Number of protein chains: 2
Amino acid sequence: MSSFKRNVYLKTVPIPQAVETVRNVLDRETLVRTEQVPAHEAAGRVTAEAVFARYSSPTFHSAAMDGFAVRAEDTFAAHEDAPVVLKVVQAGSSLPLQQGHAVAVNTGHPLPQGADAVIMIENIVEALPDSAQPKSVTIEAPAFPWQHVRRIGEDIVATELLFPQGHKINAYDVGTLLSGGIWDVSVYERIRVRIIPTGDEVLDFTTRPEPGPGQVVESNSQVLATLARSLGCHVERIPPVPDSPAAIQKAVSDALDDKMHLTIICAGSSAGSKDFTRSTIEALGEVLVHGIAAMPGKPSLMGICRGRLVAGAPGYPVSSVICFEELLTPLVSWLSRSETPQREEVHVELTRKVPSKLGVEEFMRLSVGRVGAKYVATPLGRGAGCITTLSKAQAVTRIPANAEGLEQNQTVPAELMVSRTSLERTLVCVGSHDNTLDTLADELMGLDTPFRLASSHVGSMGGIMAIKNGSCHMAGMHLFDPETGDYNVPFIRKYLPDTPAVLINLAIRHQGFIVPKGNPKGISGIEDITTRGLRFINRQRGAGTRILFDWYLKESGLSPDAVNGYRKEEYTHMAVAANVLTGSADCGLGIRAAARALGLDFVPLARERYDLLIPEQFMEDPRIMAVLQLLSSPAFLARIEALGGYETTLTGQVMQAGTALGESTR
Amino acid sequence: MSSFKRNVYLKTVPIPQAVETVRNVLDRETLVRTEQVPAHEAAGRVTAEAVFARYSSPTFHSAAMDGFAVRAEDTFAAHEDAPVVLKVVQAGSSLPLQQGHAVAVNTGHPLPQGADAVIMIENIVEALPDSAQPKSVTIEAPAFPWQHVRRIGEDIVATELLFPQGHKINAYDVGTLLSGGIWDVSVYERIRVRIIPTGDEVLDFTTRPEPGPGQVVESNSQVLATLARSLGCHVERIPPVPDSPAAIQKAVSDALDDKMHLTIICAGSSAGSKDFTRSTIEALGEVLVHGIAAMPGKPSLMGICRGRLVAGAPGYPVSSVICFEELLTPLVSWLSRSETPQREEVHVELTRKVPSKLGVEEFMRLSVGRVGAKYVATPLGRGAGCITTLSKAQAVTRIPANAEGLEQNQTVPAELMVSRTSLERTLVCVGSHDNTLDTLADELMGLDTPFRLASSHVGSMGGIMAIKNGSCHMAGMHLFDPETGDYNVPFIRKYLPDTPAVLINLAIRHQGFIVPKGNPKGISGIEDITTRGLRFINRQRGAGTRILFDWYLKESGLSPDAVNGYRKEEYTHMAVAANVLTGSADCGLGIRAAARALGLDFVPLARERYDLLIPEQFMEDPRIMAVLQLLSSPAFLARIEALGGYETTLTGQVMQAGTALGESTR
């Protein structure tokens with residue numbers, strides 16, 4: 001469809017080449033000026049020229065201890081058997097210091113002229129007539145020359161180089177500057193960034209809008225502004241500009257007039273019929289890069305207008321972040337003569353296989369924790385639209401352009417987005433999703449030594465496999481065994497015969513049909529689904545809820561084929577509820593909490609045990625011990641009960657084969 | 001001297017115990033309140049309660065690509081041999097979407113009711129009558145349900161947990177909050193810190209004073225303020241308070257009235273007669289810790305007054321920093337529910353032996369660089385008064401309380417204060433000191449790819465030993481061989497017979513007597529030193545200047561014993577000059593630059609070669625290549641000449657045995 005009126009991508013280029021292209025065209029010397037700032041406000045700034053000391057430090061010989069300043073040679077004869085008595089005189093009384101005289105000094109005091117040593121007060125054996133204002137002091141050991149004296153220039157000699165150009169000033173350096181008599185320092189100016197959100201459909205969050213249908217709250221500009229501020233930039237953001245070429249061009253032109261070093265146009269960087277970033281840059285200057293060989297982030301745009309950098313960040317939040325972090329961060333660092341921030345690298349073991357596209361570098365966020373001796377990493381969704389994957393990730397890995405994917409259990413390098421310490425405090429939970437896990441996550445973070453719960457939702461069977469694979473600390477499950485009527489235990493026996501593990505109940509929960517408010521279809525039992533052809537939304541294979549549903553179908557003598565939507569799968573209770581809320585489905589099986597969360601109704605069908613399986617080797621792990629302690633806390637139990645749809649009569653108890661659900665507390 | 005009126009230390013305690021003691025007494029729940037902040041200003045703040053999503057994201061099914069929204073089932077029959085033609089209708093014209101209809105959509109647009117898939121514009125094979133506003137589109141492949149659709153709640157489902165309590169919000173999280181409809185978030189308030197500098201002798205830098213005798217510019221408060229701000233604290237600093245118990249108590253009391261969580265009294269934390277911090281805390285509350293089993297930093301003080309933390313930081317700058325970083329940083333982090341910042345740890349090899357005191361943990365700053373395969377670390381001075389050691393250090397190591405010291409070549413753990421990347425860009429130079437090295441350091445940092453020169457001054461022979469030991473990239477030397485009249489080469493042949501290395505001239509420099517302004521003693525030659533009993537200041541053994549002096553003594557038939565001060569040693573030219581400036585010595589041998597730096601006079605005695613020795617294995621190292629390139633730069637040579645006392649006729653040339661100094665250019 002070459003006849004469609006669309007922008008045409010330039011050839012996509014690898015990220016390093018994109019950065020290099022811009023560096024080669026931007027004239028940094030002309031673009032970024034220097035300025036004088038007070039030394040105590042200079043932390044984080046970069047010196048524009050060498051800084052030489054004006055003063056020495058100390059500027060005078062000074063006492064390094066509390067005691068008495070003396071002439072060392074007067075003390076050479078002092079001995080335990082032949083004490084030396086020195087006459088105490090007032091500082092400044094008769095200088096230079098006379099033979100046999102001593103002057104009381106405190107740490108930091110200037111040494112009296114003629115003195116060349118300090119005797120610590122602890123080494124004075126007698127002071128007469130009294131210790132407060134003695135007229136003489138007795139010593140029993142000699143002082144060597146310059147003992148306990150800080151000599152002039154000991155720290156800084158006037159005129160010496162304190163810092164070369166291009167040095168980023170830190171907190172200590174503020175002290176060095178002031179000690180060297182430097183009140184003002186010449187530094188490069190802050191990089192000024194203006195961020196221009198665009199789009200007819202976006203709402204300005206600062207007006208606290210309530211979005212209507214087809215509207216979205218613009219957030220990318222705030223994310224980029226925060227990232228840019230963390231680089232030390234001066235950042236301005238303007239309200240969203242509509243999808244109008246003239247309006248966008250005016251906004252960029254204003255930014256250039258206001259001497260912005262970098263202007264970022266949010267969204268519209270791609271090649272759609274309403275993407276005007278490219279034509280804006282072309283109207284005001286030149287496009288240098290359009291398209292990078294990376295995903296997400298491919299439709300990134302960079303150009304130069306009046307000698308200044310203008311960038312187009314893609315509209316999807318993850319793409320937008322990658323455009324900023326991979327392209328603009330190195331360029332801003334280069335402009336400001338700073339080191340590009342680097343993340344610590346660790347090696348992690350992937351919990352599952354990941355496909356990827358040849359020829360494109362892919363960024364994949366990971367949920368990481370230390371399990372036993374290794375860092376295990378569960379890939380998070382790679383959708384460019386999912387900002388939460390950035391919040392949930394502890395690390396990011398790059399799948400190289402020449403790879404077709406990564407294998408399960410493969411060890412790959414990953415860049416940490418949190419500290420290693422924080423990984424040690426991360427509890428990895430894999431398995432079925434339940435809202436009580438959120439409550440648990442919140443309570444764990446409220447402890448005096450907080451722990452982070454990294455929870456991956458792959459269904460109950462996925463949790464059992466993760467335990468088998470050694471890739472989690474605990475697994476949440478609610479697997480009903482139709483043969484025995486028991487929960488979880490038969491599955492653990494079957495799939496984990498050789499793994500010593502403890503099964504502990506988190507809660508008894510209610511499962512039922514999630515239906516629209518008011519239950520318009522009048523669903524009361526499983527037969528309503530099949531007999532009336534209602535649209536059902538199912539859970540994925542292996543999920544406990546799916547197994548429960550299959551059992552109820554079988555018990556009722558119904559065939560899966562009779563269920564309209566049996567093959568439409570979702571991975572969480574919340575997603576099932578969302579299908580019902582939007583009318584994509586008439587009902588789905590799930591927990592009461594999910595129904596209530598979206599204002600839906602709930603038709604109870606069953607009570608089931610939601611248990612946590614914990615390998616024995618982790619029972620003494622502080623993270624697990626914290627969980628166990630919470631499970632016995634009345635406050636925690638009360639919080640679970642308050643969610644609705646839960647009972648806590650078994651919570652915290654070790655589950656054996658055949659542990660009954662017990663009587664409902666309601 | 002128990003009768004002296006002094007404070008008595010409590011028992012010094014290990015750092016972890018000191019922190020724990022305070023944590024056990026401070027009531028964090030009462031002390032630190034919560035507040036609401038706008039989401040876009042919440043980065044760096046810590047959530048005070050769980051945050052649940054108000055909206056789903058997306059809030060509606062939306063197109064994930066530019067193209068046409070369709071009913072997937074209408075496309076199932078499409079095939080290359082059997083294209084399907086869909087009628088294009090306007091969005092909103094007749095909803096739900098009719099069979100066989102399609103609606104043009106851009107990325108982000110809501111899907112028309114009834115549509116459940118998007119066909120990418122690239123997959124439209126024909127659009128009639130024209131591509132801009134087609135009335136029909138033809139496809140040749142089926143669309144599967146929900147392809148290229150972002151479904152409601154794909155990223156966030158309303159009511160789901162976005163963040164637990166105790167979560168530090170980052171830039172991405174700002175996007176997650178806004179996407180979830182959270183405009184304000186409940187966070188813990190910033191920790192408020194007031195810093196009170198004290199001391200009769202200290203000057204307030206903010207008044208831009210010129211210190212007189214016995215006065216010092218107060219800088220610790222600015223260093224601590226910068227450190228506290230980097231932890232996210234709200235920091236206030238007041239002008240210095242004199243050494244008056246009443247004035248200090250008033251200042252602390254004001255800080256408590258103003259609801260400061262932490263008040264820091266700078267200096268006066270020890271047990272001297274003018275140390276009032278302890279009595280101040282005792283008057284207003286209770287001392288919890290006085291003295292830690294660590295050096296520097298031992299006289300640190302912590303107490304609680306009206307439920308608030310009051311600390312006494314020692315007066316020496318390094319002690320003050322250690323007090324803040326080791327005691328107050330963990331406490332501020334705990335109060336603010338943040339993770340204590342951690343430095344990356346590396347293993348480094350020490351270039352020299354270091355003694356230490358049993359029973360006390362010692363902090364030692366290190367100059368670190370990567371030389372070959374290892375990180376080499378040269379210990380920096382351990383004086384508590386030397387703030388510049390903090391500026392010069394790339395790492396810090398802790399000598400455990402139960403160690404009596406560390407051995408040369410011992411590998412020890414060290415905490416990095418710079419990035420690993422920065423270590424790769426550090427050029428390690430060990431040997432004799434010369435001011436041209438400062439010029440080199442500055443020029444290296446001005447390069448497009450900057451390098452940092454870490455220069456340790458241990459004399460020329462120390463440099464040769466460092467090359468032998470593999471602990472530096474290059475060594476600066478000016479070793480005169482009295483036997484041959486040659487420089488450096490004979491020493492290299494003798495001490496490094498098996499180390500392939502290249503000797504390159506940095507500059508010819510002038511050595512001479514550094515004398516007071518006006519040369520009051522009328523020194524004109526070496527005989528003046530001995531015959532008139534003038535006080536001389538010498539350089540350390542192994543220093544090239546020392547060897548040169550010894551040769552001149554011998555040439556003149558003079559004995560070292562005839563030199564008054566022959567055994568008084570300094571390690572740098574600047575230190576020698578400082579001795580002359582302060583009258584500690586009448587003269588010393590050194591370079592013209594050092595004399596001029598301190599406004600002293602200079603009596604030329606000799607010209608000498610100052611060369612750089614570089615192991616052959618590093619000649620292709622980018623750091624060394626950058627040095628070599630500078631040595632051939634006319635601008636660099638001009639800068640050296642401008643220092644005075646240097647000639648550059650040999651600069652950059654490879655030195656062989658017997659290379660002559662050449663004619664003076666002056």
# chains A, B, ... in the order shown; residues from 1 in each chain; ligands from 1

$ residues_around --residues "segment 212-222 of chain A" --least-positions-apart "3" --cutoff "8 Å" --atoms "only C-alpha atoms" --output "ChimeraX atom specification"
/A:195-197,201-205,209,225-226,237,240,266,315,317,320 /B:40,58-60,109-110,174-175,178-179,181

$ closest_atom_pairs --of "chain B" --to "chain A" --cutoff "7 Å" --atoms "only C-alpha atoms" --output "CSV"
residue,atom,partner,partner_atom,distance
B:Met1,CA,A:Val125,CA,6.5
B:Ser3,CA,A:Ser131,CA,6.0
B:Phe4,CA,A:Ser131,CA,4.9
B:Lys5,CA,A:Ala132,CA,6.6
B:His40,CA,A:Gln222,CA,6.1
B:Ala50,CA,A:Asp442,CA,6.2
B:Asp66,CA,A:Gly272,CA,6.5
B:His109,CA,A:Gly214,CA,6.4
B:Pro110,CA,A:Gly214,CA,5.2
B:Glu122,CA,A:Met1,CA,6.7
B:Ile124,CA,A:Met1,CA,6.9
B:Val125,CA,A:Met1,CA,6.5
B:Glu126,CA,A:Met1,CA,6.9
B:Ser131,CA,A:Phe4,CA,4.9
B:Ala132,CA,A:Phe4,CA,6.0
B:Gly153,CA,A:Ala578,CA,6.8
B:Asp155,CA,A:Cys386,CA,4.9
B:Val157,CA,A:Met574,CA,6.6
B:Ala158,CA,A:Leu598,CA,6.7
B:Thr159,CA,A:Ala597,CA,5.5
B:Leu161,CA,A:Asp438,CA,6.3
B:Pro164,CA,A:Asp442,CA,4.3
B:Gln165,CA,A:Asp442,CA,5.7
B:Gly166,CA,A:Met445,CA,5.6
B:Ala171,CA,A:Val223,CA,5.3
B:Tyr172,CA,A:Ser391,CA,5.8
B:Asp173,CA,A:Ser391,CA,5.5
B:Val174,CA,A:Val223,CA,6.0
B:Gly175,CA,A:Ser219,CA,5.3
B:Thr176,CA,A:Thr388,CA,5.6
B:Leu178,CA,A:Ser219,CA,6.0
B:Ser179,CA,A:Val217,CA,6.6
B:Trp183,CA,A:Arg208,CA,6.8
B:Arg208,CA,A:Trp183,CA,6.9
B:Gly214,CA,A:Pro110,CA,5.2
B:Val217,CA,A:Ser179,CA,6.6
B:Ser219,CA,A:Gly175,CA,5.3
B:Asn220,CA,A:Gly175,CA,6.5
B:Gln222,CA,A:His40,CA,6.1
B:Val223,CA,A:Ala171,CA,5.3
B:Thr226,CA,A:Ala171,CA,5.3
B:Leu227,CA,A:Ala171,CA,5.9
B:Gly272,CA,A:Asp66,CA,6.5
B:Cys386,CA,A:Asp155,CA,4.9
B:Ile387,CA,A:Thr176,CA,5.9
B:Thr388,CA,A:Thr176,CA,5.6
B:Leu390,CA,A:Tyr172,CA,6.0
B:Ser391,CA,A:Asp173,CA,5.5
B:Asp438,CA,A:Leu161,CA,6.3
B:Ala441,CA,A:Pro164,CA,6.4
B:Asp442,CA,A:Pro164,CA,4.4
B:Met445,CA,A:Gly166,CA,5.6
B:Gly446,CA,A:Gln165,CA,6.2
B:Met574,CA,A:Val157,CA,6.6
B:Ala578,CA,A:Gly153,CA,6.8
B:Ala597,CA,A:Thr159,CA,5.5
B:Leu598,CA,A:Ala158,CA,6.7

$ atom_distance --atom1 "atom CA of Gly459 of chain A" --atom2 "atom CA of Ala414 of chain A"
25.8 Å

$ residues_around --residues "segment 513-517 of chain A" --least-positions-apart "4" --cutoff "9 Å" --atoms "only C-alpha atoms" --output "list of chain:residue names"
A:Lys521, A:Gly522, A:Ile523, A:Ser524, A:Gly525, A:Ile526, A:Val576, A:Ala577, A:Val580, A:Leu581, A:Gly583, A:Ala585, A:Asp586, A:Cys587, A:Gly588, A:Leu589, A:Gly590, A:Ile591, A:Arg592, A:Ala594, A:Ala595, A:Gly599, A:Leu600, A:Asp601, A:Phe602, A:Val603, A:Pro604, A:Leu605

$ write_last_selection --atoms "N, CA and C atoms" --output "compact mmCIF listing (two decimals), in the first residue's frame"
# COMPACT_ATOMS: atom_id res chain seq x y z
N LYS A 521 -28.35 -12.37 33.56
CA LYS A 521 -28.72 -13.64 32.92
C LYS A 521 -29.25 -14.65 33.93
N GLY A 522 -29.31 -14.23 35.17
CA GLY A 522 -29.86 -15.09 36.21
C GLY A 522 -29.13 -16.41 36.37
N ILE A 523 -27.82 -16.38 36.33
CA ILE A 523 -27.04 -17.61 36.46
C ILE A 523 -27.07 -18.10 37.90
N SER A 524 -27.39 -19.38 38.06
CA SER A 524 -27.41 -19.92 39.42
C SER A 524 -26.59 -21.19 39.54
N GLY A 525 -26.24 -21.80 38.41
CA GLY A 525 -25.46 -23.04 38.48
C GLY A 525 -24.79 -23.31 37.16
N ILE A 526 -24.00 -24.39 37.16
CA ILE A 526 -23.17 -24.66 36.00
C ILE A 526 -24.00 -25.01 34.76
N VAL A 576 -10.38 -12.45 34.10
CA VAL A 576 -11.69 -13.07 33.88
C VAL A 576 -12.78 -12.05 34.19
N ALA A 577 -12.62 -11.38 35.33
CA ALA A 577 -13.62 -10.39 35.73
C ALA A 577 -13.71 -9.25 34.71
N VAL A 580 -15.91 -10.02 31.90
CA VAL A 580 -17.33 -9.93 32.24
C VAL A 580 -17.75 -8.45 32.29
N LEU A 581 -16.88 -7.64 32.84
CA LEU A 581 -17.20 -6.22 32.97
C LEU A 581 -17.44 -5.58 31.61
N GLY A 583 -18.31 -7.06 28.88
CA GLY A 583 -19.29 -7.74 28.04
C GLY A 583 -18.69 -8.72 27.06
N ALA A 585 -17.66 -11.50 27.87
CA ALA A 585 -18.18 -12.80 28.30
C ALA A 585 -19.35 -12.55 29.24
N ASP A 586 -20.25 -13.55 29.32
CA ASP A 586 -21.38 -13.42 30.25
C ASP A 586 -21.00 -13.85 31.65
N CYS A 587 -20.01 -14.72 31.74
CA CYS A 587 -19.56 -15.13 33.07
C CYS A 587 -18.25 -15.90 32.98
N GLY A 588 -17.64 -16.06 34.14
CA GLY A 588 -16.42 -16.85 34.23
C GLY A 588 -16.30 -17.33 35.66
N LEU A 589 -15.50 -18.35 35.86
CA LEU A 589 -15.33 -18.87 37.22
C LEU A 589 -14.15 -18.14 37.86
N GLY A 590 -14.36 -17.71 39.10
CA GLY A 590 -13.27 -16.99 39.76
C GLY A 590 -13.58 -16.73 41.22
N ILE A 591 -12.79 -15.89 41.84
CA ILE A 591 -12.96 -15.65 43.27
C ILE A 591 -13.78 -14.39 43.51
N ARG A 592 -14.35 -14.33 44.67
CA ARG A 592 -15.25 -13.24 45.01
C ARG A 592 -14.52 -11.89 44.96
N ALA A 594 -12.25 -10.81 43.06
CA ALA A 594 -12.12 -10.25 41.71
C ALA A 594 -13.44 -9.64 41.26
N ALA A 595 -14.53 -10.31 41.59
CA ALA A 595 -15.85 -9.79 41.22
C ALA A 595 -16.09 -8.45 41.91
N GLY A 599 -16.77 -4.35 40.79
CA GLY A 599 -18.19 -4.01 40.98
C GLY A 599 -19.13 -5.00 40.33
N LEU A 600 -18.72 -6.26 40.24
CA LEU A 600 -19.54 -7.30 39.60
C LEU A 600 -20.20 -8.16 40.68
N ASP A 601 -21.11 -8.99 40.26
CA ASP A 601 -21.75 -9.88 41.22
C ASP A 601 -21.09 -11.26 41.18
N PHE A 602 -21.42 -12.05 42.18
CA PHE A 602 -20.72 -13.30 42.40
C PHE A 602 -21.74 -14.35 42.79
N VAL A 603 -21.72 -15.50 42.13
CA VAL A 603 -22.62 -16.61 42.47
C VAL A 603 -21.76 -17.74 43.02
N PRO A 604 -21.72 -17.92 44.35
CA PRO A 604 -20.80 -18.91 44.94
C PRO A 604 -21.07 -20.30 44.41
N LEU A 605 -19.96 -21.01 44.16
CA LEU A 605 -20.09 -22.38 43.67
C LEU A 605 -19.39 -23.35 44.61

$ residues_around --residues "Arg509 of chain A" --least-positions-apart "2" --cutoff "12 Å" --atoms "only C-alpha atoms" --output "number ranges by chain"
A: 434-436, 477-478, 505-507, 511-512, 545, 590-594, 604-611, 640-641, 643-651, 661-662, 664-666
